[in-house]
Structure formats: structure tokens, C-alpha cells
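J.: Right, I'll just put the structure down here and ask away after.
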Amino acid sequence: MRRIFAYVFITATVVIIVLALTQSPLPKGPGVELVVTKCQTCHGLEYLTDSAGISREMWAETISEMEEYGMEIEPQERETILNYLATYLGPHPPSEADRSPHSSKSRNRTIDAAELYRQSCAACHQAQGEGMGRLAPPLAGNEMLLKDRRYALLVVLHGLEGEIEVGDRTFDGQMPPMAHLRDEQVAAIVNYILTAWGNDQRRPTDFAPLSPEDVTKARSESLTPQQVWEYRRKLR
Ligand code: HEC
Ligand code: HEC
């Protein structure tokens, strides 16, 4: 019987902790669990979020104040908590997009779309988007890209396979899916090819730039390269 009680107690505790973490109003980031556990024992986390924006020094003072109130933490824990508070509730918190799981490595790095294009696309589509013989279609002045705001995005994420015409040229190759790129990178590259090389002069004025959220959504559609080709056919 005691074992059952112990079991129920542990389960309940785990559930409460998990609930506290998932419902936590705090931004996700390294150390957030520790902050939730330590700071919630005496008052709600809204005390923390209400103070968001203060400097690292002020967070350090706040932590000392809490220690005077009786909070017990190890020096190592103090460091983790201070780093978290100064970063995520500090004067310059990372933006929502920087926090998405696909971008944890890219924190504090800005995306250079032209450079990404050079690395990921130019080998086939060439530096000025002019395409390569009969092997890769041009992206500069390619009407298909400008007919539909999402088409190029689908090609990058899911690939393309099937015979296509661009201008007076025919291609029957394969574009490999580039799904390894992170959402922000894909959004940046696609926005780049939709505006570079004079494409911005040709595209409809109501063409809103793609956001990383658009990419997340398109990624979840999991199309085959042939289905993307079908999609292209319907754009004519
Ligand atoms: C031992 C209890 C205790 C713990 C643990 C605790 N606090 Fe507090 N905290 C207090 C008390 C007491 C107040 C003061 C006033 C009140 O209740 O309005 C307070 C107030 C605050 C305030 C409001 C502004 C201020 O300086 O009074 C902030 C911000 C705050 N706490 C942050 C934290 C953070 C961050 C943690 C975790 C690292 C934490 N607290 C953990 C007891 C605690
Ligand atoms: C390995 C070569 C290769 C690479 C690398 C490559 N592509 Fe492609 N891409 C192709 C080929 C080949 C096609 C045409 C496929 C077909 O014939 O069905 C294509 C088609 C496209 C199309 C559709 C064009 C149309 O008219 O429908 C877009 C948009 C596109 N690529 C964008 C990109 C972008 C952006 C990158 C970099 C993230 C990239 N491609 C990287 C080979 C490549």
C-alpha cells in the first residue's frame, strides 16, 4: 500500500512539474527549468516577466535579494539562472524566430541570403540565376516563380521532378529537396530568388515576403517531387 502511495505521489509530482513547465509563461531557453523550479516556490513567475527588460546587474541584485528572502541556490545554479534571466528577460531578448528549434545554433547570427544561395543553389542555377544549359532552369526572369507566392518554397523543401518548360527551353531533371536547411534559411533564400536579378520588378506588388512560419507550414505538407510538379502544372 505504501508503495502505491509513493507511486501516486511521484506521478502527481511529475505531472505538476511537467504542467508547470509547459504552461510556464517564460520563453524557452537553457536554464528555464531551473528558473521555473527555483523561482516559483514563493511567488508566481509573472513577478519575473513583469520585470523583463532590466539589465544583467539588476537581475544579479534581484537574485541576491531573493537569497535574503530565503532562496537557496548553489553558485553554479546562480550562474545558470542569471544567464537565463539576463538573456531572455534582459534588455535585448532573442526574437521569437531565433528561439525556434530549427535555429538554436543560429542564435546571434544574421542570415546572409546571397551567401546561402551561393552555397546551396548556385552550383546548379548559377551565380546570376541564369541556369545551366539543359541541366538546371534559370531562376532569373522565371515566370513560374512569380505566378505563385509559395511555389518556389515548395520546390526547395520538397524537390521537383518532371518535364518543365522555362521560356523556350525544356528541362527534365530533378531538383533535390533541400529540407536540411532551417526554416529561416529557406525563407531567406526564397525571398532572395524572388527579388534578385530583377525578379522584384516582375513580381506582383502584393507578393508578401515569406516568413519562417510559412516555411514551417509548407514543410509539414510533405509532398513528393512529382506532386510539386503537379502543383506547377496547375499554375499555367
Ligand atoms: C524564498 C522565497 C523566494 C524565492 C525562492 C524567490 N523569490 Fe522573488 N520575491 C520574494 C519576495 C518575498 C518578494 C517580495 C515582495 C512581494 O512579495 O511582493 C519577491 C519579489 C520578486 C520580484 C519583484 C521585484 C522585487 O525585487 O521585489 C522579482 C522580479 C523576483 N522576486 C524574482 C525572483 C526570481 C528571478 C527568483 C528565482 C531566481 C525568485 N524571485 C525566487 C521571495 C522569493
Ligand atoms: C543539384 C542541382 C540543383 C541544386 C543544388 C538546386 N537546384 Fe533548383 N532545380 C534543379 C533542377 C534540375 C530543376 C528542374 C527540375 C525538373 O526539371 O523537374 C530545378 C528547379 C528549381 C525551381 C523551379 C523552377 C521552375 O521553373 O519550375 C526552383 C524555384 C529552384 N530549382 C530553386 C532552387 C533553389 C532556391 C536552390 C537552393 C536552395 C536550388 N534550386 C538548388 C537543380 C538544382
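Identifiers in the C-alpha cells: chain A, B, ... in order shown; residue index from 1 per chain; ligand index from 1 in order shown.
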Extract, using only C-alpha atoms, all DNA, RNA and protein residues at most 12 Å from Ala60 of chain A, discarding same-chain residues fewer than 6 positions from it, and format them as a list of chain:residue names.
T.: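 Counting only the stated atoms, we get A:Ile54, A:Met66, A:Glu67, A:Arg78, A:Glu79, A:Thr80, A:Ile81, A:Leu82, A:Asn83, A:Tyr84, A:Leu85, A:Ala86, A:Gly90.
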J.: Produce a file of the selected residues containing C-alpha atoms, as a CSV table (one decimal), in the first residue's frame.
T.:
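Output (selection.csv):
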```csv
chain,number,residue,atom,x,y,z
A,54,ILE,CA,16.1,45.0,-16.8
A,66,MET,CA,15.7,36.6,-3.2
A,67,GLU,CA,18.5,34.9,-1.3
A,78,ARG,CA,23.0,31.1,-9.7
A,79,GLU,CA,25.2,31.5,-12.8
A,80,THR,CA,22.7,29.5,-14.9
A,81,ILE,CA,19.7,31.5,-13.6
A,82,LEU,CA,21.5,34.8,-14.1
A,83,ASN,CA,22.5,33.9,-17.6
A,84,TYR,CA,18.9,32.9,-18.4
A,85,LEU,CA,17.3,36.0,-16.9
A,86,ALA,CA,19.8,38.4,-18.4
A,90,GLY,CA,17.0,41.1,-20.4
```
J.: Within 7 Å of ligand 2 (counting only C-alpha atoms and all ligand atoms), which residues show up? I'd like them as number ranges by chain.
T.: A: 117, 120-125, 135-137, 139, 142, 144-145, 152, 155-156, 160-166, 171-176, 178, 189-190, 193, 229, 232
J.: List every residue of segment 159-199 of chain A that DSSP, applied to the backbone of this structure, assigns to helix (DSSP H, G or I), and report them as a PyMOL selection string.
T.: chain A and resi 183-199
J.: Would you please give, as an MDAnalysis selection string, all residues of segment 18-235 of chain A that DSSP assigns to strand (DSSP E or B) based on the backbone?
T.: chainID A and resid 132 136 160:161 164:166 169:171 174:175
J.: Just how far from atom CA of His43 of chain A is atom 11 (C, counted along the ligand's line) of ligand 1, in Å to one decimal?
T.: 7.1 Å
J.: Just checking: using only C-alpha atoms and all ligand atoms, which residue out of A:Gly133, A:Gly53, A:Pro25, A:Gly70 ends up closest to ligand 1?
T.: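 Smallest distance to ligand 1 is found for A:Gly70.
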J.: Go through chain A residue by residue and, counting only C-alpha atoms and all ligand atoms, keep those with an atom at most 7 Å from ligand 1; for each kept residue give the shortest atom pair and its distance in Å to one decimal, ordered by chain and increasing number, as JSON lines.
T.:
```
{"residue": "A:Val35", "atom": "CA", "partner": "ligand 1", "partner_atom_place_in_ligand_line": "37 (C)", "distance": 5.8}
{"residue": "A:Lys38", "atom": "CA", "partner": "ligand 1", "partner_atom_place_in_ligand_line": "37 (C)", "distance": 5.2}
{"residue": "A:Cys39", "atom": "CA", "partner": "ligand 1", "partner_atom_place_in_ligand_line": "37 (C)", "distance": 3.3}
{"residue": "A:Gln40", "atom": "CA", "partner": "ligand 1", "partner_atom_place_in_ligand_line": "41 (C)", "distance": 6.3}
{"residue": "A:Thr41", "atom": "CA", "partner": "ligand 1", "partner_atom_place_in_ligand_line": "5 (C)", "distance": 5.2}
{"residue": "A:Cys42", "atom": "CA", "partner": "ligand 1", "partner_atom_place_in_ligand_line": "2 (C)", "distance": 4.3}
{"residue": "A:His43", "atom": "CA", "partner": "ligand 1", "partner_atom_place_in_ligand_line": "7 (N)", "distance": 6.3}
{"residue": "A:Tyr47", "atom": "CA", "partner": "ligand 1", "partner_atom_place_in_ligand_line": "28 (C)", "distance": 4.9}
{"residue": "A:Leu48", "atom": "CA", "partner": "ligand 1", "partner_atom_place_in_ligand_line": "29 (C)", "distance": 4.5}
{"residue": "A:Ser51", "atom": "CA", "partner": "ligand 1", "partner_atom_place_in_ligand_line": "29 (C)", "distance": 5.3}
{"residue": "A:Thr62", "atom": "CA", "partner": "ligand 1", "partner_atom_place_in_ligand_line": "26 (O)", "distance": 5.3}
{"residue": "A:Ile63", "atom": "CA", "partner": "ligand 1", "partner_atom_place_in_ligand_line": "38 (C)", "distance": 5.5}
{"residue": "A:Glu65", "atom": "CA", "partner": "ligand 1", "partner_atom_place_in_ligand_line": "26 (O)", "distance": 6.8}
{"residue": "A:Met66", "atom": "CA", "partner": "ligand 1", "partner_atom_place_in_ligand_line": "7 (N)", "distance": 4.7}
{"residue": "A:Glu67", "atom": "CA", "partner": "ligand 1", "partner_atom_place_in_ligand_line": "1 (C)", "distance": 6.8}
{"residue": "A:Tyr69", "atom": "CA", "partner": "ligand 1", "partner_atom_place_in_ligand_line": "1 (C)", "distance": 4.9}
{"residue": "A:Gly70", "atom": "CA", "partner": "ligand 1", "partner_atom_place_in_ligand_line": "1 (C)", "distance": 4.2}
{"residue": "A:Met71", "atom": "CA", "partner": "ligand 1", "partner_atom_place_in_ligand_line": "1 (C)", "distance": 4.0}
{"residue": "A:Ile81", "atom": "CA", "partner": "ligand 1", "partner_atom_place_in_ligand_line": "38 (C)", "distance": 6.3}
```
J.: If we count only C-alpha atoms, what is near segment 209-211 of chain A at a cut-off of 7 Å, once residues fewer than 2 positions away on the same chain are taken out, given as number ranges by chain?
T.: A: 187, 191, 207, 213-215
J.: May I have the selected residues written with all heavy atoms, as a short mmCIF file (atom, residue, chain, number, x, y, z; two decimals), in the first residue's frame?
T.:
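out23.cif written:
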```cif
data_model
loop_
_atom_site.label_atom_id
_atom_site.label_comp_id
_atom_site.auth_asym_id
_atom_site.auth_seq_id
_atom_site.Cartn_x
_atom_site.Cartn_y
_atom_site.Cartn_z
N ALA A 187 13.35 30.55 -45.87
CA ALA A 187 12.61 31.78 -46.12
C ALA A 187 13.54 32.82 -46.75
O ALA A 187 13.18 33.48 -47.74
CB ALA A 187 12.01 32.32 -44.82
N ASN A 191 13.02 34.25 -50.52
CA ASN A 191 12.80 35.69 -50.68
C ASN A 191 13.90 36.30 -51.56
O ASN A 191 13.65 37.22 -52.33
CB ASN A 191 12.76 36.40 -49.32
CG ASN A 191 11.48 36.10 -48.57
OD1 ASN A 191 10.43 35.89 -49.18
ND2 ASN A 191 11.55 36.04 -47.25
N PHE A 207 2.89 40.63 -53.41
CA PHE A 207 3.66 39.46 -53.02
C PHE A 207 4.34 39.71 -51.67
O PHE A 207 5.41 40.33 -51.62
CB PHE A 207 4.77 39.27 -54.06
CG PHE A 207 4.77 37.94 -54.74
CD1 PHE A 207 3.68 37.52 -55.47
CD2 PHE A 207 5.88 37.11 -54.67
CE1 PHE A 207 3.70 36.31 -56.13
CE2 PHE A 207 5.90 35.90 -55.32
CZ PHE A 207 4.81 35.49 -56.05
N GLU A 213 7.49 31.04 -40.54
CA GLU A 213 6.26 30.31 -40.23
C GLU A 213 5.64 29.72 -41.50
O GLU A 213 5.12 28.61 -41.50
CB GLU A 213 5.23 31.21 -39.54
CG GLU A 213 5.58 31.61 -38.11
CD GLU A 213 6.74 32.61 -38.03
OE1 GLU A 213 6.83 33.50 -38.91
OE2 GLU A 213 7.58 32.48 -37.12
N ASP A 214 5.72 30.48 -42.61
CA ASP A 214 5.25 29.95 -43.89
C ASP A 214 6.02 28.68 -44.23
O ASP A 214 5.47 27.72 -44.77
CB ASP A 214 5.47 30.96 -45.03
CG ASP A 214 4.57 32.19 -44.89
OD1 ASP A 214 3.42 32.02 -44.46
OD2 ASP A 214 5.03 33.30 -45.22
N VAL A 215 7.33 28.70 -43.93
CA VAL A 215 8.17 27.54 -44.25
C VAL A 215 7.77 26.34 -43.39
O VAL A 215 7.61 25.23 -43.88
CB VAL A 215 9.67 27.87 -44.04
CG1 VAL A 215 10.52 26.66 -44.40
CG2 VAL A 215 10.07 29.08 -44.86
#
```
J.: Of the residues A:Val36, A:Leu45, A:Leu157, A:Leu116, which is the one nearest to Ala179 of chain A, using only C-alpha atoms?
T.: A:Leu157
J.: Work out how far apart atom CA of Glu184 of chain A and atom CA of Ser55 of chain A are and give it in Å to one decimal.
T.: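 Computing the Euclidean distance for atom CA of Glu184 of chain A and atom CA of Ser55 of chain A yields 28.6 Å.
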J.: Hey, which of A:Ala218, A:Ala113, A:Leu89, A:Ala208 ends up closest to Leu153 of chain A? Count only C-alpha atoms.
T.: A:Ala218
J.: Near Asp206 of chain A, within 12 Å and counting only C-alpha atoms, which residues show up once chain neighbours fewer than 2 positions away are dropped, as number ranges by chain?
T.: A: 146-149, 200, 202-204, 208-209
J.: Just the residues within 8 Å of Thr224 of chain A, please, counting only C-alpha atoms, with nothing from its chain fewer than 4 positions along; format it as a PDB file with all heavy atoms, in the first residue's frame.
T.:
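Output file out-v1.pdb is given in full below:
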```pdb
ATOM      1  N   HIS A 158      10.598  20.354 -51.015  1.00  0.00           N
ATOM      2  CA  HIS A 158      10.165  19.009 -51.403  1.00  0.00           C
ATOM      3  C   HIS A 158      10.748  18.524 -52.724  1.00  0.00           C
ATOM      4  O   HIS A 158      10.489  17.405 -53.141  1.00  0.00           O
ATOM      5  CB  HIS A 158       8.633  18.959 -51.466  1.00  0.00           C
ATOM      6  CG  HIS A 158       7.964  19.413 -50.200  1.00  0.00           C
ATOM      7  ND1 HIS A 158       8.169  18.785 -48.988  1.00  0.00           N
ATOM      8  CD2 HIS A 158       7.121  20.439 -49.948  1.00  0.00           C
ATOM      9  CE1 HIS A 158       7.460  19.411 -48.050  1.00  0.00           C
ATOM     10  NE2 HIS A 158       6.825  20.416 -48.613  1.00  0.00           N
ATOM     11  N   GLY A 159      11.534  19.378 -53.414  1.00  0.00           N
ATOM     12  CA  GLY A 159      12.136  18.971 -54.676  1.00  0.00           C
ATOM     13  C   GLY A 159      11.162  19.111 -55.842  1.00  0.00           C
ATOM     14  O   GLY A 159      10.016  19.540 -55.673  1.00  0.00           O
ATOM     15  N   LEU A 160      11.655  18.748 -57.026  1.00  0.00           N
ATOM     16  CA  LEU A 160      10.828  18.852 -58.238  1.00  0.00           C
ATOM     17  C   LEU A 160      11.300  17.799 -59.222  1.00  0.00           C
ATOM     18  O   LEU A 160      12.493  17.632 -59.450  1.00  0.00           O
ATOM     19  CB  LEU A 160      10.978  20.249 -58.851  1.00  0.00           C
ATOM     20  CG  LEU A 160      10.235  20.497 -60.171  1.00  0.00           C
ATOM     21  CD1 LEU A 160       8.723  20.545 -59.939  1.00  0.00           C
ATOM     22  CD2 LEU A 160      10.700  21.801 -60.816  1.00  0.00           C
ATOM     23  N   VAL A 228       4.981  18.150 -56.465  1.00  0.00           N
ATOM     24  CA  VAL A 228       5.320  19.558 -56.667  1.00  0.00           C
ATOM     25  C   VAL A 228       5.212  19.883 -58.157  1.00  0.00           C
ATOM     26  O   VAL A 228       4.740  20.943 -58.556  1.00  0.00           O
ATOM     27  CB  VAL A 228       6.732  19.876 -56.125  1.00  0.00           C
ATOM     28  CG1 VAL A 228       7.098  21.339 -56.401  1.00  0.00           C
ATOM     29  CG2 VAL A 228       6.811  19.592 -54.629  1.00  0.00           C
TER      30      VAL A 228
END
```
J.: Between A:Thr37, A:Gln76, A:Asn199, A:Thr87, which is the closest to Trp59 of chain A once you count only C-alpha atoms?
T.: A:Thr87
